[in-house]
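Trainee: Okay, handing you the structure first.
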Amino acid sequence: MTPSPEHGPRDDLARFVLDTMHEQALSYRRLAARAVDPQTGHRLGYQWLANLGAGGLSKAPDAWQLRALAAALGVPAEVIKGLAARQWLEYEVAQLALGPNDWALYLQLRDLPDADKETLRVLVHEFIRRQEEQEKGGGQVKRAQS
């Protein structure tokens, strides 16, 4: 599969899974043994994983499948969810650092021009700042003076 929407389907998650399996010297069966959703206890089968790696999934995985895959690969679930959003939903997950231990994730169109990505980043940052101001100030947002 090619990574360009103009030339065919995306393979962001599938490629990440294959690369990580290669780095960790994992087979589909070994990966499946580790693929347990920490919330529900549901397990992924090796055939499902092989199908994912081969680009054979026709729809985006369910949330529990993404969590189980993250657990199997030893990566944060947000990484897997972001890759799934790129592969199936034509979105990418952008990350905005708010402080040393705080950050925000938001979706943006995958092929959004860089200038528009920056505008969206500024809007998200301002929105969060105003929400924090409301919480601290008893529900009233003070308007910034120009």
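In the structure tokens, each chain is lettered A, B, ... as it comes, each chain's residues begin at 1, and ligands are numbered from 1 in order of appearance.
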Can you pull out the residues contacting region 22-36 of chain A? Cut-off 8 Å, using only C-alpha atoms, and skip same-chain residues under 5 positions away; I want them as a PDB file with N, CA and C atoms, in the first residue's frame.
Mentor:
```pdb
ATOM      1  N   GLY A  41     -10.347  -7.100  28.774  1.00  0.00           N
ATOM      2  CA  GLY A  41      -9.776  -8.439  28.785  1.00  0.00           C
ATOM      3  C   GLY A  41      -9.914  -9.168  27.456  1.00  0.00           C
ATOM      4  N   HIS A  42     -10.516  -8.539  26.454  1.00  0.00           N
ATOM      5  CA  HIS A  42     -10.637  -9.158  25.129  1.00  0.00           C
ATOM      6  C   HIS A  42      -9.253  -9.318  24.504  1.00  0.00           C
ATOM      7  N   ARG A  43      -9.118 -10.379  23.720  1.00  0.00           N
ATOM      8  CA  ARG A  43      -7.833 -10.698  23.088  1.00  0.00           C
ATOM      9  C   ARG A  43      -7.925 -10.617  21.570  1.00  0.00           C
ATOM     10  N   LEU A  44      -6.829 -10.205  20.962  1.00  0.00           N
ATOM     11  CA  LEU A  44      -6.734 -10.214  19.504  1.00  0.00           C
ATOM     12  C   LEU A  44      -6.154 -11.550  19.061  1.00  0.00           C
ATOM     13  N   GLY A  45      -6.675 -12.091  17.990  1.00  0.00           N
ATOM     14  CA  GLY A  45      -6.150 -13.333  17.427  1.00  0.00           C
ATOM     15  C   GLY A  45      -5.028 -13.047  16.445  1.00  0.00           C
ATOM     16  N   TYR A  46      -4.173 -14.020  16.233  1.00  0.00           N
ATOM     17  CA  TYR A  46      -3.055 -13.808  15.320  1.00  0.00           C
ATOM     18  C   TYR A  46      -3.529 -13.608  13.894  1.00  0.00           C
ATOM     19  N   GLN A  47      -4.675 -14.214  13.505  1.00  0.00           N
ATOM     20  CA  GLN A  47      -5.187 -14.001  12.147  1.00  0.00           C
ATOM     21  C   GLN A  47      -5.603 -12.545  11.944  1.00  0.00           C
ATOM     22  N   LEU A  49      -4.364  -9.965  13.497  1.00  0.00           N
ATOM     23  CA  LEU A  49      -3.119  -9.197  13.417  1.00  0.00           C
ATOM     24  C   LEU A  49      -2.446  -9.363  12.056  1.00  0.00           C
ATOM     25  N   ALA A  50      -2.431 -10.579  11.545  1.00  0.00           N
ATOM     26  CA  ALA A  50      -1.845 -10.820  10.221  1.00  0.00           C
ATOM     27  C   ALA A  50      -2.637 -10.086   9.149  1.00  0.00           C
ATOM     28  N   ARG A  67      -6.689  -0.688  21.849  1.00  0.00           N
ATOM     29  CA  ARG A  67      -6.049  -0.769  23.166  1.00  0.00           C
ATOM     30  C   ARG A  67      -5.257  -2.068  23.305  1.00  0.00           C
ATOM     31  N   ALA A  68      -5.812  -3.167  22.830  1.00  0.00           N
ATOM     32  CA  ALA A  68      -5.109  -4.456  22.902  1.00  0.00           C
ATOM     33  C   ALA A  68      -3.842  -4.424  22.054  1.00  0.00           C
ATOM     34  N   LEU A  69      -3.924  -3.803  20.899  1.00  0.00           N
ATOM     35  CA  LEU A  69      -2.754  -3.686  20.030  1.00  0.00           C
ATOM     36  C   LEU A  69      -1.674  -2.838  20.694  1.00  0.00           C
ATOM     37  N   ALA A  70      -2.080  -1.745  21.323  1.00  0.00           N
ATOM     38  CA  ALA A  70      -1.124  -0.895  22.040  1.00  0.00           C
ATOM     39  C   ALA A  70      -0.441  -1.679  23.157  1.00  0.00           C
ATOM     40  N   ALA A  71      -1.219  -2.450  23.898  1.00  0.00           N
ATOM     41  CA  ALA A  71      -0.654  -3.262  24.974  1.00  0.00           C
ATOM     42  C   ALA A  71       0.339  -4.272  24.419  1.00  0.00           C
ATOM     43  N   ALA A  72       0.004  -4.890  23.311  1.00  0.00           N
ATOM     44  CA  ALA A  72       0.879  -5.904  22.712  1.00  0.00           C
ATOM     45  C   ALA A  72       2.201  -5.311  22.242  1.00  0.00           C
ATOM     46  N   LEU A  73       2.137  -4.085  21.717  1.00  0.00           N
ATOM     47  CA  LEU A  73       3.338  -3.445  21.181  1.00  0.00           C
ATOM     48  C   LEU A  73       4.106  -2.661  22.239  1.00  0.00           C
TER      49      LEU A  73
END
```
Trainee: From chain A, collect each residue whose DSSP state is alpha helix (DSSP H) and return the set as a short mmCIF file (atom, residue, chain, number, x, y, z; two decimals) with N, CA and C atoms, in the first residue's frame.
Mentor:
```cif
data_model
loop_
_atom_site.label_atom_id
_atom_site.label_comp_id
_atom_site.auth_asym_id
_atom_site.auth_seq_id
_atom_site.Cartn_x
_atom_site.Cartn_y
_atom_site.Cartn_z
N ASP A 12 -0.67 3.60 7.59
CA ASP A 12 0.09 4.10 8.73
C ASP A 12 0.16 3.11 9.89
N LEU A 13 -0.99 2.59 10.33
CA LEU A 13 -1.01 1.67 11.46
C LEU A 13 -0.38 0.34 11.08
N ALA A 14 -0.73 -0.19 9.94
CA ALA A 14 -0.18 -1.48 9.51
C ALA A 14 1.35 -1.41 9.41
N ARG A 15 1.87 -0.33 8.84
CA ARG A 15 3.31 -0.17 8.70
C ARG A 15 3.98 -0.06 10.07
N PHE A 16 3.37 0.68 11.00
CA PHE A 16 3.91 0.81 12.35
C PHE A 16 3.96 -0.55 13.04
N VAL A 17 2.90 -1.33 12.91
CA VAL A 17 2.85 -2.66 13.53
C VAL A 17 3.96 -3.54 12.97
N LEU A 18 4.10 -3.56 11.65
CA LEU A 18 5.14 -4.40 11.03
C LEU A 18 6.53 -3.95 11.45
N ASP A 19 6.78 -2.64 11.46
CA ASP A 19 8.09 -2.12 11.87
C ASP A 19 8.39 -2.47 13.32
N THR A 20 7.40 -2.32 14.19
CA THR A 20 7.60 -2.61 15.61
C THR A 20 7.81 -4.10 15.83
N MET A 21 7.05 -4.92 15.12
CA MET A 21 7.25 -6.38 15.23
C MET A 21 8.67 -6.75 14.81
N HIS A 22 9.14 -6.14 13.74
CA HIS A 22 10.49 -6.42 13.26
C HIS A 22 11.53 -6.00 14.30
N GLU A 23 11.37 -4.77 14.87
CA GLU A 23 12.30 -4.27 15.88
C GLU A 23 12.33 -5.16 17.12
N GLN A 24 11.16 -5.69 17.51
CA GLN A 24 11.07 -6.51 18.71
C GLN A 24 11.17 -8.01 18.43
N TYR A 28 3.39 -12.96 14.62
CA TYR A 28 1.99 -12.64 14.88
C TYR A 28 1.47 -13.43 16.09
N ARG A 29 1.89 -14.67 16.21
CA ARG A 29 1.44 -15.48 17.35
C ARG A 29 1.95 -14.92 18.69
N ARG A 30 3.22 -14.51 18.72
CA ARG A 30 3.76 -13.92 19.96
C ARG A 30 3.09 -12.59 20.26
N LEU A 31 2.83 -11.81 19.21
CA LEU A 31 2.14 -10.53 19.41
C LEU A 31 0.72 -10.78 19.93
N ALA A 32 0.05 -11.77 19.37
CA ALA A 32 -1.32 -12.09 19.80
C ALA A 32 -1.36 -12.51 21.27
N ALA A 33 -0.34 -13.21 21.72
CA ALA A 33 -0.30 -13.63 23.13
C ALA A 33 -0.24 -12.43 24.07
N ARG A 34 0.29 -11.32 23.59
CA ARG A 34 0.41 -10.10 24.40
C ARG A 34 -0.74 -9.13 24.17
N TYR A 46 -4.17 -14.02 16.23
CA TYR A 46 -3.06 -13.81 15.32
C TYR A 46 -3.53 -13.61 13.89
N GLN A 47 -4.67 -14.21 13.50
CA GLN A 47 -5.19 -14.00 12.15
C GLN A 47 -5.60 -12.55 11.94
N TRP A 48 -6.24 -11.95 12.96
CA TRP A 48 -6.63 -10.55 12.87
C TRP A 48 -5.39 -9.67 12.70
N LEU A 49 -4.36 -9.97 13.50
CA LEU A 49 -3.12 -9.20 13.42
C LEU A 49 -2.45 -9.36 12.06
N ALA A 50 -2.43 -10.58 11.54
CA ALA A 50 -1.85 -10.82 10.22
C ALA A 50 -2.64 -10.09 9.15
N ASN A 51 -3.95 -10.07 9.29
CA ASN A 51 -4.80 -9.35 8.35
C ASN A 51 -4.50 -7.85 8.39
N LEU A 52 -4.32 -7.30 9.60
CA LEU A 52 -3.95 -5.90 9.74
C LEU A 52 -2.62 -5.63 9.05
N GLY A 53 -1.63 -6.45 9.32
CA GLY A 53 -0.30 -6.28 8.73
C GLY A 53 -0.29 -6.36 7.22
N ALA A 63 -12.37 0.28 19.43
CA ALA A 63 -11.52 0.87 20.47
C ALA A 63 -10.79 -0.21 21.27
N TRP A 64 -11.47 -1.30 21.61
CA TRP A 64 -10.82 -2.34 22.41
C TRP A 64 -9.68 -2.99 21.64
N GLN A 65 -9.85 -3.11 20.32
CA GLN A 65 -8.80 -3.71 19.49
C GLN A 65 -7.56 -2.81 19.47
N LEU A 66 -7.79 -1.51 19.40
CA LEU A 66 -6.67 -0.57 19.41
C LEU A 66 -5.94 -0.60 20.75
N ARG A 67 -6.69 -0.69 21.85
CA ARG A 67 -6.05 -0.77 23.17
C ARG A 67 -5.26 -2.07 23.31
N ALA A 68 -5.81 -3.17 22.83
CA ALA A 68 -5.11 -4.46 22.90
C ALA A 68 -3.84 -4.42 22.05
N LEU A 69 -3.92 -3.80 20.90
CA LEU A 69 -2.75 -3.69 20.03
C LEU A 69 -1.67 -2.84 20.69
N ALA A 70 -2.08 -1.75 21.32
CA ALA A 70 -1.12 -0.89 22.04
C ALA A 70 -0.44 -1.68 23.16
N ALA A 71 -1.22 -2.45 23.90
CA ALA A 71 -0.65 -3.26 24.97
C ALA A 71 0.34 -4.27 24.42
N ALA A 72 0.00 -4.89 23.31
CA ALA A 72 0.88 -5.90 22.71
C ALA A 72 2.20 -5.31 22.24
N LEU A 73 2.14 -4.09 21.72
CA LEU A 73 3.34 -3.45 21.18
C LEU A 73 4.11 -2.66 22.24
N ALA A 77 -1.72 3.91 24.06
CA ALA A 77 -2.90 3.72 23.21
C ALA A 77 -3.11 4.91 22.29
N GLU A 78 -2.74 6.12 22.72
CA GLU A 78 -2.91 7.31 21.89
C GLU A 78 -2.12 7.22 20.60
N VAL A 79 -0.96 6.58 20.65
CA VAL A 79 -0.14 6.41 19.44
C VAL A 79 -0.90 5.54 18.43
N ILE A 80 -1.44 4.43 18.90
CA ILE A 80 -2.17 3.51 18.03
C ILE A 80 -3.44 4.17 17.50
N LYS A 81 -4.16 4.88 18.35
CA LYS A 81 -5.39 5.56 17.92
C LYS A 81 -5.09 6.63 16.88
N GLY A 82 -4.00 7.36 17.07
CA GLY A 82 -3.61 8.37 16.09
C GLY A 82 -3.28 7.77 14.74
N LEU A 83 -2.57 6.66 14.75
CA LEU A 83 -2.22 5.98 13.48
C LEU A 83 -3.48 5.42 12.80
N ALA A 84 -4.41 4.91 13.60
CA ALA A 84 -5.67 4.42 13.03
C ALA A 84 -6.47 5.57 12.42
N ALA A 85 -6.47 6.72 13.08
CA ALA A 85 -7.18 7.88 12.54
C ALA A 85 -6.58 8.29 11.20
N ARG A 86 -5.27 8.24 11.09
CA ARG A 86 -4.62 8.56 9.81
C ARG A 86 -4.97 7.53 8.74
N GLN A 87 -4.95 6.26 9.11
CA GLN A 87 -5.15 5.21 8.12
C GLN A 87 -6.59 5.14 7.62
N TRP A 88 -7.55 5.23 8.52
CA TRP A 88 -8.94 5.01 8.12
C TRP A 88 -9.80 6.26 8.03
N LEU A 89 -9.48 7.30 8.76
CA LEU A 89 -10.38 8.45 8.84
C LEU A 89 -9.86 9.69 8.12
N ASP A 114 0.33 23.69 6.14
CA ASP A 114 1.05 24.01 7.37
C ASP A 114 0.55 25.29 8.03
N ALA A 115 0.25 26.32 7.25
CA ALA A 115 -0.24 27.57 7.83
C ALA A 115 -1.58 27.35 8.54
N ASP A 116 -2.44 26.52 7.98
CA ASP A 116 -3.72 26.22 8.61
C ASP A 116 -3.54 25.35 9.85
N LYS A 117 -2.56 24.45 9.83
CA LYS A 117 -2.26 23.66 11.03
C LYS A 117 -1.83 24.57 12.17
N GLU A 118 -1.02 25.57 11.86
CA GLU A 118 -0.57 26.49 12.90
C GLU A 118 -1.74 27.31 13.43
N THR A 119 -2.64 27.74 12.56
CA THR A 119 -3.83 28.48 12.99
C THR A 119 -4.67 27.62 13.92
N LEU A 120 -4.86 26.37 13.57
CA LEU A 120 -5.64 25.46 14.40
C LEU A 120 -4.97 25.24 15.75
N ARG A 121 -3.65 25.12 15.76
CA ARG A 121 -2.90 24.95 17.00
C ARG A 121 -3.12 26.15 17.92
N VAL A 122 -3.06 27.36 17.36
CA VAL A 122 -3.27 28.58 18.14
C VAL A 122 -4.69 28.62 18.69
N LEU A 123 -5.67 28.24 17.88
CA LEU A 123 -7.07 28.22 18.32
C LEU A 123 -7.28 27.23 19.47
N VAL A 124 -6.70 26.05 19.36
CA VAL A 124 -6.84 25.05 20.41
C VAL A 124 -6.19 25.56 21.69
N HIS A 125 -5.01 26.13 21.57
CA HIS A 125 -4.32 26.66 22.75
C HIS A 125 -5.15 27.75 23.41
N GLU A 126 -5.71 28.66 22.63
CA GLU A 126 -6.53 29.74 23.18
C GLU A 126 -7.80 29.20 23.82
N PHE A 127 -8.42 28.22 23.20
CA PHE A 127 -9.62 27.60 23.77
C PHE A 127 -9.32 27.00 25.14
N ILE A 128 -8.23 26.26 25.25
CA ILE A 128 -7.86 25.64 26.51
C ILE A 128 -7.54 26.70 27.56
N ARG A 129 -6.83 27.76 27.16
CA ARG A 129 -6.51 28.84 28.08
C ARG A 129 -7.79 29.47 28.63
N ARG A 130 -8.77 29.68 27.76
CA ARG A 130 -10.03 30.27 28.21
C ARG A 130 -10.81 29.33 29.13
N GLN A 131 -10.77 28.05 28.85
CA GLN A 131 -11.44 27.09 29.73
C GLN A 131 -10.81 27.11 31.12
N GLU A 132 -9.50 27.16 31.18
CA GLU A 132 -8.81 27.22 32.46
C GLU A 132 -9.14 28.51 33.19
N GLU A 133 -9.22 29.60 32.44
CA GLU A 133 -9.58 30.89 33.02
C GLU A 133 -10.99 30.84 33.62
N GLN A 134 -11.90 30.21 32.90
CA GLN A 134 -13.27 30.08 33.39
C GLN A 134 -13.31 29.29 34.70
N GLU A 135 -12.57 28.21 34.75
CA GLU A 135 -12.54 27.38 35.95
C GLU A 135 -11.97 28.14 37.15
N LYS A 136 -10.96 28.93 36.92
CA LYS A 136 -10.32 29.69 38.00
C LYS A 136 -11.13 30.91 38.39
#
```
Trainee: Could you jot down the CA of Asp11 (chain A) to CA of Leu57 (chain A) separation for me, Å, one decimal place?
Mentor: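 So the answer is 10.4 Å.
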Trainee: List as an MDAnalysis selection string the protein and nucleic acid residues near Ala94 (chain A), meaning an atom at most 10 Å away when only C-alpha atoms are counted, but skip any in the same chain fewer than 2 places from it.
Mentor: chainID A and resid 82 91:92 96 104:110 117 120:121
Trainee: With N, CA and C atoms retained, write the just-selected residues as a compact mmCIF listing (two decimals), in the first residue's frame.
Mentor:
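Written output follows (again16.txt):
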```
# COMPACT_ATOMS: atom_id res chain seq x y z
N GLY A 82 -4.00 7.36 17.07
CA GLY A 82 -3.61 8.37 16.09
C GLY A 82 -3.28 7.77 14.74
N TYR A 91 -7.60 11.62 9.03
CA TYR A 91 -7.26 12.64 10.01
C TYR A 91 -5.91 12.30 10.60
N GLU A 92 -5.29 13.31 11.17
CA GLU A 92 -4.12 13.04 11.98
C GLU A 92 -4.34 13.67 13.34
N LEU A 96 -0.45 19.15 21.34
CA LEU A 96 -0.08 20.49 21.78
C LEU A 96 0.37 20.41 23.23
N ALA A 104 -2.57 18.42 24.96
CA ALA A 104 -3.89 18.23 24.35
C ALA A 104 -3.71 17.53 23.02
N LEU A 105 -4.63 16.63 22.73
CA LEU A 105 -4.68 15.97 21.42
C LEU A 105 -5.91 16.47 20.70
N TYR A 106 -5.79 16.73 19.41
CA TYR A 106 -6.94 17.13 18.62
C TYR A 106 -6.75 16.62 17.20
N LEU A 107 -7.88 16.41 16.53
CA LEU A 107 -7.84 15.91 15.16
C LEU A 107 -7.76 17.08 14.19
N GLN A 108 -7.02 16.86 13.12
CA GLN A 108 -7.01 17.81 12.02
C GLN A 108 -6.94 17.01 10.72
N LEU A 109 -7.40 17.62 9.65
CA LEU A 109 -7.33 16.94 8.36
C LEU A 109 -5.89 16.60 8.05
N ARG A 110 -5.67 15.45 7.49
CA ARG A 110 -4.32 14.95 7.25
C ARG A 110 -3.52 15.85 6.32
N LYS A 117 -2.56 24.45 9.83
CA LYS A 117 -2.26 23.66 11.03
C LYS A 117 -1.83 24.57 12.17
N LEU A 120 -4.86 26.37 13.57
CA LEU A 120 -5.64 25.46 14.40
C LEU A 120 -4.97 25.24 15.75
N ARG A 121 -3.65 25.12 15.76
CA ARG A 121 -2.90 24.95 17.00
C ARG A 121 -3.12 26.15 17.92
```
Trainee: Using DSSP secondary structure from the backbone, list all strand (DSSP E) positions within region 18-112 of chain A, as JSON, numbers by chain.
Mentor: {"A": [91, 92, 93, 94, 95, 96, 97, 103, 104, 105, 106, 107, 108, 109]}
Trainee: Please indicate the distance in Å from CA of Pro76 (chain A) to CA of Pro38 (chain A), rounded to one decimal place.
Mentor: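 That distance, rounded to one decimal, is 12.0 Å.
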Trainee: Which distance in Å separates CA of Glu90 (chain A) and CA of Leu112 (chain A), to one decimal?
Mentor: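 Calculated distance between CA of Glu90 (chain A) and CA of Leu112 (chain A) is 10.6 Å.
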